[in-house]
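Novice: Got a file for you: upload-v8.cif, mmCIF, N, CA and C atoms and all ligand atoms.
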```cif
data_my_file
loop_
_atom_site.label_atom_id
_atom_site.label_comp_id
_atom_site.auth_asym_id
_atom_site.auth_seq_id
_atom_site.Cartn_x
_atom_site.Cartn_y
_atom_site.Cartn_z
N MET A 1 172.94 2.58 93.59
CA MET A 1 172.98 1.32 92.81
C MET A 1 173.10 0.13 93.76
N LEU A 2 172.26 -0.83 93.53
CA LEU A 2 172.32 -2.04 94.33
C LEU A 2 173.37 -2.99 93.78
N ALA A 3 174.34 -3.29 94.59
CA ALA A 3 175.38 -4.20 94.14
C ALA A 3 175.92 -4.96 95.33
N GLU A 4 176.48 -6.09 95.07
CA GLU A 4 177.09 -6.84 96.16
C GLU A 4 178.47 -7.33 95.75
N GLN A 5 179.29 -7.50 96.76
CA GLN A 5 180.62 -8.01 96.51
C GLN A 5 180.61 -9.52 96.65
N MET A 6 181.23 -10.18 95.72
CA MET A 6 181.27 -11.63 95.75
C MET A 6 182.69 -12.09 95.49
N LYS A 7 182.90 -13.34 95.83
CA LYS A 7 184.19 -13.94 95.53
C LYS A 7 184.35 -14.06 94.02
N CYS A 8 185.51 -13.72 93.54
CA CYS A 8 185.75 -13.84 92.10
C CYS A 8 185.75 -15.32 91.71
N ALA A 9 184.86 -15.67 90.76
CA ALA A 9 184.72 -17.07 90.38
C ALA A 9 185.92 -17.56 89.57
N PHE A 10 186.44 -16.69 88.74
CA PHE A 10 187.49 -17.10 87.80
C PHE A 10 188.74 -17.59 88.55
N CYS A 11 189.12 -16.87 89.59
CA CYS A 11 190.33 -17.26 90.35
C CYS A 11 189.98 -17.89 91.68
N ASN A 12 188.68 -18.08 91.91
CA ASN A 12 188.21 -18.66 93.17
C ASN A 12 188.66 -17.84 94.38
N GLY A 13 188.71 -16.54 94.17
CA GLY A 13 189.03 -15.64 95.27
C GLY A 13 190.51 -15.52 95.59
N LYS A 14 191.33 -16.15 94.80
CA LYS A 14 192.77 -16.14 95.09
C LYS A 14 193.49 -14.91 94.52
N GLY A 15 192.88 -14.27 93.54
CA GLY A 15 193.49 -13.06 92.99
C GLY A 15 194.56 -13.32 91.95
N LYS A 16 194.82 -14.58 91.67
CA LYS A 16 195.86 -14.90 90.69
C LYS A 16 195.24 -15.53 89.44
N ASP A 17 195.88 -15.35 88.36
CA ASP A 17 195.44 -15.98 87.12
C ASP A 17 195.42 -17.50 87.32
N PRO A 18 194.24 -18.13 87.24
CA PRO A 18 194.16 -19.56 87.55
C PRO A 18 194.94 -20.44 86.58
N PHE A 19 195.22 -19.92 85.41
CA PHE A 19 195.91 -20.74 84.41
C PHE A 19 197.37 -20.34 84.23
N GLU A 20 197.75 -19.29 84.92
CA GLU A 20 199.15 -18.85 84.86
C GLU A 20 199.62 -18.71 83.42
N LEU A 21 198.76 -18.12 82.62
CA LEU A 21 199.06 -17.99 81.19
C LEU A 21 200.26 -17.09 80.94
N LEU A 22 200.34 -16.02 81.65
CA LEU A 22 201.44 -15.09 81.43
C LEU A 22 202.60 -15.41 82.35
N SER A 23 202.30 -15.55 83.59
CA SER A 23 203.33 -15.93 84.56
C SER A 23 202.61 -16.41 85.81
N PRO A 24 203.27 -17.21 86.61
CA PRO A 24 202.60 -17.70 87.84
C PRO A 24 202.21 -16.56 88.77
N LEU A 25 202.81 -15.42 88.56
CA LEU A 25 202.54 -14.29 89.45
C LEU A 25 201.51 -13.33 88.87
N SER A 26 201.02 -13.62 87.68
CA SER A 26 200.12 -12.64 87.08
C SER A 26 198.81 -12.58 87.85
N LYS A 27 198.28 -11.39 87.90
CA LYS A 27 197.03 -11.15 88.59
C LYS A 27 195.86 -11.69 87.79
N CYS A 28 194.82 -12.04 88.51
CA CYS A 28 193.58 -12.43 87.85
C CYS A 28 193.05 -11.21 87.09
N GLN A 29 192.74 -11.41 85.83
CA GLN A 29 192.29 -10.29 85.01
C GLN A 29 190.86 -9.87 85.33
N VAL A 30 190.11 -10.73 85.97
CA VAL A 30 188.72 -10.42 86.26
C VAL A 30 188.60 -9.49 87.47
N CYS A 31 189.30 -9.82 88.55
CA CYS A 31 189.18 -9.04 89.79
C CYS A 31 190.40 -8.15 90.00
N ASN A 32 191.32 -8.19 89.06
CA ASN A 32 192.54 -7.41 89.15
C ASN A 32 193.33 -7.70 90.42
N GLY A 33 193.25 -8.94 90.84
CA GLY A 33 194.07 -9.37 91.97
C GLY A 33 193.42 -9.24 93.33
N SER A 34 192.22 -8.67 93.38
CA SER A 34 191.59 -8.46 94.69
C SER A 34 190.88 -9.71 95.21
N GLY A 35 190.55 -10.65 94.29
CA GLY A 35 189.82 -11.84 94.71
C GLY A 35 188.33 -11.60 94.85
N LYS A 36 187.91 -10.36 94.64
CA LYS A 36 186.49 -10.04 94.79
C LYS A 36 185.98 -9.29 93.57
N VAL A 37 184.72 -9.49 93.29
CA VAL A 37 184.11 -8.75 92.20
C VAL A 37 182.82 -8.11 92.71
N THR A 38 182.43 -7.04 92.07
CA THR A 38 181.18 -6.38 92.42
C THR A 38 180.17 -6.66 91.32
N VAL A 39 179.01 -7.14 91.73
CA VAL A 39 177.98 -7.49 90.76
C VAL A 39 176.69 -6.78 91.12
N GLU A 40 176.07 -6.18 90.14
CA GLU A 40 174.81 -5.50 90.36
C GLU A 40 173.71 -6.48 90.71
N LYS A 41 172.81 -6.05 91.55
CA LYS A 41 171.65 -6.87 91.90
C LYS A 41 170.47 -6.49 91.03
N PRO A 42 169.51 -7.37 90.82
CA PRO A 42 169.57 -8.79 91.16
C PRO A 42 170.52 -9.53 90.23
N ASN A 43 170.98 -10.66 90.68
CA ASN A 43 171.87 -11.43 89.83
C ASN A 43 171.64 -12.92 90.05
N LYS A 44 172.23 -13.70 89.18
CA LYS A 44 172.11 -15.15 89.33
C LYS A 44 173.38 -15.81 88.80
N GLU A 45 173.51 -17.06 89.13
CA GLU A 45 174.66 -17.81 88.63
C GLU A 45 174.63 -17.85 87.11
N CYS A 46 175.77 -17.67 86.51
CA CYS A 46 175.85 -17.69 85.05
C CYS A 46 175.58 -19.10 84.54
N SER A 47 174.57 -19.22 83.64
CA SER A 47 174.22 -20.54 83.12
C SER A 47 175.28 -21.06 82.17
N PHE A 48 175.91 -20.16 81.47
CA PHE A 48 176.83 -20.58 80.41
C PHE A 48 178.07 -21.27 80.98
N CYS A 49 178.58 -20.76 82.08
CA CYS A 49 179.79 -21.36 82.68
C CYS A 49 179.47 -22.09 83.98
N HIS A 50 178.18 -22.16 84.32
CA HIS A 50 177.75 -22.79 85.56
C HIS A 50 178.43 -22.18 86.78
N GLY A 51 178.64 -20.88 86.69
CA GLY A 51 179.17 -20.17 87.85
C GLY A 51 180.66 -20.29 88.06
N THR A 52 181.36 -20.90 87.12
CA THR A 52 182.80 -21.06 87.29
C THR A 52 183.58 -19.84 86.80
N GLY A 53 182.95 -19.05 85.93
CA GLY A 53 183.64 -17.90 85.35
C GLY A 53 184.57 -18.27 84.21
N ILE A 54 184.66 -19.56 83.96
CA ILE A 54 185.61 -20.03 82.96
C ILE A 54 184.87 -20.50 81.71
N HIS A 55 185.37 -20.10 80.57
CA HIS A 55 184.77 -20.48 79.31
C HIS A 55 184.75 -22.00 79.18
N ARG A 56 183.70 -22.51 78.54
CA ARG A 56 183.50 -23.96 78.49
C ARG A 56 184.71 -24.77 78.05
N ASP A 57 185.27 -24.40 76.90
CA ASP A 57 186.30 -25.27 76.33
C ASP A 57 187.68 -24.66 76.37
N GLN A 58 187.75 -23.42 76.77
CA GLN A 58 189.04 -22.74 76.68
C GLN A 58 189.47 -22.17 78.02
N ARG A 59 190.73 -21.87 78.11
CA ARG A 59 191.23 -21.29 79.35
C ARG A 59 191.08 -19.77 79.29
N LEU A 60 189.83 -19.39 79.13
CA LEU A 60 189.51 -17.97 78.99
C LEU A 60 188.36 -17.63 79.94
N THR A 61 188.17 -16.34 80.13
CA THR A 61 187.02 -15.94 80.92
C THR A 61 185.74 -16.21 80.14
N CYS A 62 184.71 -16.53 80.85
CA CYS A 62 183.40 -16.77 80.24
C CYS A 62 182.95 -15.52 79.51
N ILE A 63 182.47 -15.68 78.29
CA ILE A 63 182.08 -14.52 77.51
C ILE A 63 180.73 -13.96 77.94
N VAL A 64 179.99 -14.69 78.72
CA VAL A 64 178.70 -14.19 79.17
C VAL A 64 178.83 -13.36 80.45
N CYS A 65 179.54 -13.85 81.41
CA CYS A 65 179.64 -13.16 82.70
C CYS A 65 180.97 -12.43 82.85
N GLY A 66 181.86 -12.59 81.89
CA GLY A 66 183.15 -11.92 81.96
C GLY A 66 184.07 -12.49 83.04
N GLY A 67 183.73 -13.69 83.52
CA GLY A 67 184.59 -14.35 84.50
C GLY A 67 184.10 -14.22 85.94
N LYS A 68 183.04 -13.46 86.13
CA LYS A 68 182.54 -13.25 87.49
C LYS A 68 181.75 -14.45 88.01
N GLY A 69 181.21 -15.24 87.09
CA GLY A 69 180.42 -16.40 87.50
C GLY A 69 178.97 -16.07 87.79
N VAL A 70 178.66 -14.80 87.82
CA VAL A 70 177.27 -14.36 88.03
C VAL A 70 176.92 -13.29 87.01
N VAL A 71 175.67 -13.22 86.68
CA VAL A 71 175.22 -12.22 85.73
C VAL A 71 174.10 -11.39 86.34
N CYS A 72 174.06 -10.14 85.99
CA CYS A 72 173.00 -9.25 86.45
C CYS A 72 171.73 -9.57 85.69
N THR A 73 170.62 -9.71 86.40
CA THR A 73 169.35 -10.05 85.75
C THR A 73 168.35 -8.91 85.87
N LYS A 74 168.85 -7.74 86.05
CA LYS A 74 167.98 -6.57 86.18
C LYS A 74 167.07 -6.42 84.97
N GLY A 75 165.78 -6.29 85.22
CA GLY A 75 164.83 -6.10 84.13
C GLY A 75 164.49 -7.36 83.37
N LEU A 76 165.07 -8.48 83.77
CA LEU A 76 164.78 -9.74 83.09
C LEU A 76 163.93 -10.61 84.01
N SER A 77 162.91 -11.24 83.45
CA SER A 77 162.06 -12.02 84.33
C SER A 77 161.60 -13.34 83.75
N LYS A 78 161.56 -13.41 82.42
CA LYS A 78 161.03 -14.63 81.81
C LYS A 78 162.16 -15.56 81.36
N THR A 79 161.91 -16.84 81.51
CA THR A 79 162.87 -17.81 81.00
C THR A 79 162.94 -17.70 79.49
N CYS A 80 164.14 -17.65 78.98
CA CYS A 80 164.32 -17.49 77.53
C CYS A 80 163.73 -18.69 76.79
N PRO A 81 162.83 -18.44 75.83
CA PRO A 81 162.18 -19.54 75.12
C PRO A 81 163.13 -20.27 74.16
N ASP A 82 164.18 -19.62 73.74
CA ASP A 82 165.05 -20.23 72.74
C ASP A 82 166.07 -21.20 73.33
N CYS A 83 166.45 -20.96 74.56
CA CYS A 83 167.44 -21.86 75.18
C CYS A 83 166.88 -22.50 76.44
N ASN A 84 165.61 -22.21 76.75
CA ASN A 84 165.00 -22.79 77.94
C ASN A 84 165.71 -22.41 79.23
N GLY A 85 166.34 -21.27 79.22
CA GLY A 85 167.01 -20.79 80.43
C GLY A 85 168.40 -21.33 80.65
N THR A 86 168.88 -22.15 79.72
CA THR A 86 170.20 -22.74 79.90
C THR A 86 171.31 -21.82 79.40
N GLY A 87 170.94 -20.82 78.60
CA GLY A 87 171.94 -19.91 78.05
C GLY A 87 172.52 -20.39 76.74
N VAL A 88 172.23 -21.64 76.40
CA VAL A 88 172.74 -22.19 75.14
C VAL A 88 171.60 -22.93 74.43
N PRO A 89 171.30 -22.56 73.19
CA PRO A 89 170.23 -23.25 72.48
C PRO A 89 170.60 -24.72 72.28
N PRO A 90 169.59 -25.59 72.20
CA PRO A 90 169.86 -27.03 72.02
C PRO A 90 170.74 -27.28 70.81
N GLY A 91 171.75 -28.07 70.96
CA GLY A 91 172.62 -28.42 69.85
C GLY A 91 173.67 -27.39 69.53
N ASP A 92 173.67 -26.29 70.26
CA ASP A 92 174.63 -25.24 69.98
C ASP A 92 175.66 -25.19 71.11
N TYR A 93 176.72 -24.47 70.88
CA TYR A 93 177.72 -24.34 71.94
C TYR A 93 178.10 -22.88 72.18
N LEU A 94 177.44 -22.00 71.47
CA LEU A 94 177.67 -20.57 71.68
C LEU A 94 176.51 -20.00 72.51
N PRO A 95 176.75 -18.91 73.19
CA PRO A 95 175.67 -18.32 73.98
C PRO A 95 174.47 -17.98 73.12
N CYS A 96 173.32 -18.19 73.68
CA CYS A 96 172.06 -17.89 73.02
C CYS A 96 172.02 -16.42 72.63
N THR A 97 171.67 -16.13 71.38
CA THR A 97 171.66 -14.74 70.95
C THR A 97 170.41 -14.00 71.43
N THR A 98 169.38 -14.74 71.81
CA THR A 98 168.15 -14.09 72.27
C THR A 98 168.36 -13.48 73.66
N CYS A 99 169.03 -14.19 74.52
CA CYS A 99 169.20 -13.73 75.91
C CYS A 99 170.67 -13.41 76.22
N ASP A 100 171.52 -13.46 75.21
CA ASP A 100 172.95 -13.22 75.41
C ASP A 100 173.57 -14.23 76.38
N GLY A 101 172.97 -15.40 76.47
CA GLY A 101 173.53 -16.44 77.31
C GLY A 101 173.13 -16.37 78.76
N ILE A 102 172.28 -15.42 79.09
CA ILE A 102 171.88 -15.24 80.49
C ILE A 102 170.77 -16.22 80.87
N GLY A 103 169.94 -16.58 79.89
CA GLY A 103 168.87 -17.53 80.15
C GLY A 103 167.55 -16.87 80.50
N LEU A 104 167.60 -15.57 80.69
CA LEU A 104 166.37 -14.82 80.98
C LEU A 104 166.21 -13.70 79.98
N VAL A 105 164.96 -13.36 79.73
CA VAL A 105 164.69 -12.23 78.84
C VAL A 105 163.69 -11.27 79.48
ZN ZN B 201 189.80 -13.10 90.24
ZN ZN B 202 179.79 -17.23 82.91
ZN ZN B 203 168.36 -17.80 75.53
#
```
Produce structure tokens that represent the structure in this file.

Specialist:
Amino acid sequence: MLAEQMKCAFCNGKGKDPFELLSPLSKCQVCNGSGKVTVEKPNKECSFCHGTGIHRDQRLTCIVCGGKGVVCTKGLSKTCPDCNGTGVPPGDYLPCTTCDGIGLV
């Protein structure tokens, strides 16, 4: 399997919960405290969270990339016609249901 290790976007590689929701010492739930995540190739920056791993309006992990900030684009090649590759249809704020917020189909 082709995969690469990347810095965890949600905690910015620090391994700690960026919002300290449970406690200042709580581990980042995305990388489990390692500061790194493994993502299958090929991949691209998550359009929905713009690579931050953080949900747009809430202090939660991005529902499209799960907080990694990148999404696997295996088998996807065309720009999604419904959201124009942005991951969110015009006028909407939820991930595009056609591409699951990835922006490619
Ligand atoms: Zn993390
Ligand atoms: Zn995301
Ligand atoms: Zn779409």

Novice: For ligand ZN 202 (chain B), return the neighbouring residues as a CSV table (one decimal) with N, CA and C atoms, in the frame of the given file (distance at most 5 Å; only N, CA and C atoms and all ligand atoms).

Specialist:
```csv
chain,number,residue,atom,x,y,z
A,46,CYS,N,175.8,-17.7,86.5
A,46,CYS,CA,175.8,-17.7,85.0
A,46,CYS,C,175.6,-19.1,84.5
A,48,PHE,N,175.9,-20.2,81.5
A,48,PHE,CA,176.8,-20.6,80.4
A,48,PHE,C,178.1,-21.3,81.0
A,49,CYS,N,178.6,-20.8,82.1
A,49,CYS,CA,179.8,-21.4,82.7
A,49,CYS,C,179.5,-22.1,84.0
A,53,GLY,N,183.0,-19.0,85.9
A,53,GLY,CA,183.6,-17.9,85.4
A,53,GLY,C,184.6,-18.3,84.2
A,62,CYS,N,184.7,-16.5,80.8
A,62,CYS,CA,183.4,-16.8,80.2
A,62,CYS,C,183.0,-15.5,79.5
A,64,VAL,N,180.0,-14.7,78.7
A,64,VAL,CA,178.7,-14.2,79.2
A,64,VAL,C,178.8,-13.4,80.4
A,65,CYS,N,179.5,-13.8,81.4
A,65,CYS,CA,179.6,-13.2,82.7
A,65,CYS,C,181.0,-12.4,82.8
A,69,GLY,N,181.2,-15.2,87.1
A,69,GLY,CA,180.4,-16.4,87.5
A,69,GLY,C,179.0,-16.1,87.8
```

Novice: Could you check how far CA of Thr86 in chain A sits from CA of Gly101 in chain A, in Å to one decimal?

Specialist: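 Spanning CA of Thr86 in chain A to CA of Gly101 in chain A is a straight-line distance of 7.6 Å.
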
Novice: So how far away is CA of Lys41 in chain A from CA of Gly13 in chain A, in Å?

Specialist: 19.8 Å

Novice: Kindly provide, as a PyMOL selection string, all nucleotide and amino acid residues lying within 6 Å of ligand ZN 201 (chain B), counting only N, CA and C atoms and all ligand atoms.

Specialist: chain A and resi 8-16+28-36

Novice: Can you write out the residues you just picked, keeping N, CA and C atoms, as an mmCIF file, in the coordinates of the input?

Specialist:
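New file again.cif:
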```cif
data_model
loop_
_atom_site.group_PDB
_atom_site.id
_atom_site.type_symbol
_atom_site.label_atom_id
_atom_site.label_comp_id
_atom_site.auth_asym_id
_atom_site.auth_seq_id
_atom_site.Cartn_x
_atom_site.Cartn_y
_atom_site.Cartn_z
ATOM 1 N N CYS A 8 185.510 -13.720 93.540
ATOM 2 C CA CYS A 8 185.750 -13.840 92.100
ATOM 3 C C CYS A 8 185.750 -15.320 91.710
ATOM 4 N N ALA A 9 184.860 -15.670 90.760
ATOM 5 C CA ALA A 9 184.720 -17.070 90.380
ATOM 6 C C ALA A 9 185.920 -17.560 89.570
ATOM 7 N N PHE A 10 186.440 -16.690 88.740
ATOM 8 C CA PHE A 10 187.490 -17.100 87.800
ATOM 9 C C PHE A 10 188.740 -17.590 88.550
ATOM 10 N N CYS A 11 189.120 -16.870 89.590
ATOM 11 C CA CYS A 11 190.330 -17.260 90.350
ATOM 12 C C CYS A 11 189.980 -17.890 91.680
ATOM 13 N N ASN A 12 188.680 -18.080 91.910
ATOM 14 C CA ASN A 12 188.210 -18.660 93.170
ATOM 15 C C ASN A 12 188.660 -17.840 94.380
ATOM 16 N N GLY A 13 188.710 -16.540 94.170
ATOM 17 C CA GLY A 13 189.030 -15.640 95.270
ATOM 18 C C GLY A 13 190.510 -15.520 95.590
ATOM 19 N N LYS A 14 191.330 -16.150 94.800
ATOM 20 C CA LYS A 14 192.770 -16.140 95.090
ATOM 21 C C LYS A 14 193.490 -14.910 94.520
ATOM 22 N N GLY A 15 192.880 -14.270 93.540
ATOM 23 C CA GLY A 15 193.490 -13.060 92.990
ATOM 24 C C GLY A 15 194.560 -13.320 91.950
ATOM 25 N N LYS A 16 194.820 -14.580 91.670
ATOM 26 C CA LYS A 16 195.860 -14.900 90.690
ATOM 27 C C LYS A 16 195.240 -15.530 89.440
ATOM 28 N N CYS A 28 194.820 -12.040 88.510
ATOM 29 C CA CYS A 28 193.580 -12.430 87.850
ATOM 30 C C CYS A 28 193.050 -11.210 87.090
ATOM 31 N N GLN A 29 192.740 -11.410 85.830
ATOM 32 C CA GLN A 29 192.290 -10.290 85.010
ATOM 33 C C GLN A 29 190.860 -9.870 85.330
ATOM 34 N N VAL A 30 190.110 -10.730 85.970
ATOM 35 C CA VAL A 30 188.720 -10.420 86.260
ATOM 36 C C VAL A 30 188.600 -9.490 87.470
ATOM 37 N N CYS A 31 189.300 -9.820 88.550
ATOM 38 C CA CYS A 31 189.180 -9.040 89.790
ATOM 39 C C CYS A 31 190.400 -8.150 90.000
ATOM 40 N N ASN A 32 191.320 -8.190 89.060
ATOM 41 C CA ASN A 32 192.540 -7.410 89.150
ATOM 42 C C ASN A 32 193.330 -7.700 90.420
ATOM 43 N N GLY A 33 193.250 -8.940 90.840
ATOM 44 C CA GLY A 33 194.070 -9.370 91.970
ATOM 45 C C GLY A 33 193.420 -9.240 93.330
ATOM 46 N N SER A 34 192.220 -8.670 93.380
ATOM 47 C CA SER A 34 191.590 -8.460 94.690
ATOM 48 C C SER A 34 190.880 -9.710 95.210
ATOM 49 N N GLY A 35 190.550 -10.650 94.290
ATOM 50 C CA GLY A 35 189.820 -11.840 94.710
ATOM 51 C C GLY A 35 188.330 -11.600 94.850
ATOM 52 N N LYS A 36 187.910 -10.360 94.640
ATOM 53 C CA LYS A 36 186.490 -10.040 94.790
ATOM 54 C C LYS A 36 185.980 -9.290 93.570
#
```

Novice: Could you tell me how far CA of Leu76 in chain A lies from CA of Val39 in chain A, in Å and to one decimal?

Specialist: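 Separation of CA of Leu76 in chain A and CA of Val39 in chain A: 15.4 Å.
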
Novice: Hey, which of A:Leu60, A:Pro81, A:Glu40, A:Asp17 ends up closest to Cys99 in chain A? Count all atoms listed in the file.

Specialist: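 Closest to Cys99 in chain A, using all atoms listed in the file: A:Pro81.
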
Novice: Check which residues fall inside 8 Å of ligand ZN 203 (chain B) when counting only C-alpha atoms and all ligand atoms, and print them as a list in words.

Specialist: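 The residues within 8 Å of ligand ZN 203 (chain B), counting only C-alpha atoms and all ligand atoms, are Thr79, Cys80, Pro81, Asp82, Cys83, Asn84, Gly85, Thr86, Gly87, Val88, Pro89, Pro95, Cys96, Thr97, Thr98, Cys99, Asp100, Gly101, Ile102, Gly103, Leu104 and Val105 of chain A.
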
Novice: Taking (170.8, -15.2, 91.4) as a centre in this file's frame and 8 Å as the limit, can you find every polymer residue with an atom that close, using only C-alpha atoms, and give them as a PyMOL selection string?

Specialist: chain A and resi 42-45+70-71+73

Novice: Among chain A, which residues does DSSP mark as strand (DSSP E or B) when it is run on the backbone? Keep the chain and numbering as in the structure and answer as a VMD selection string.

Specialist: chain A and resid 3 to 7 16 27 36 to 40 43 to 45 54 61 70 to 72 79 104
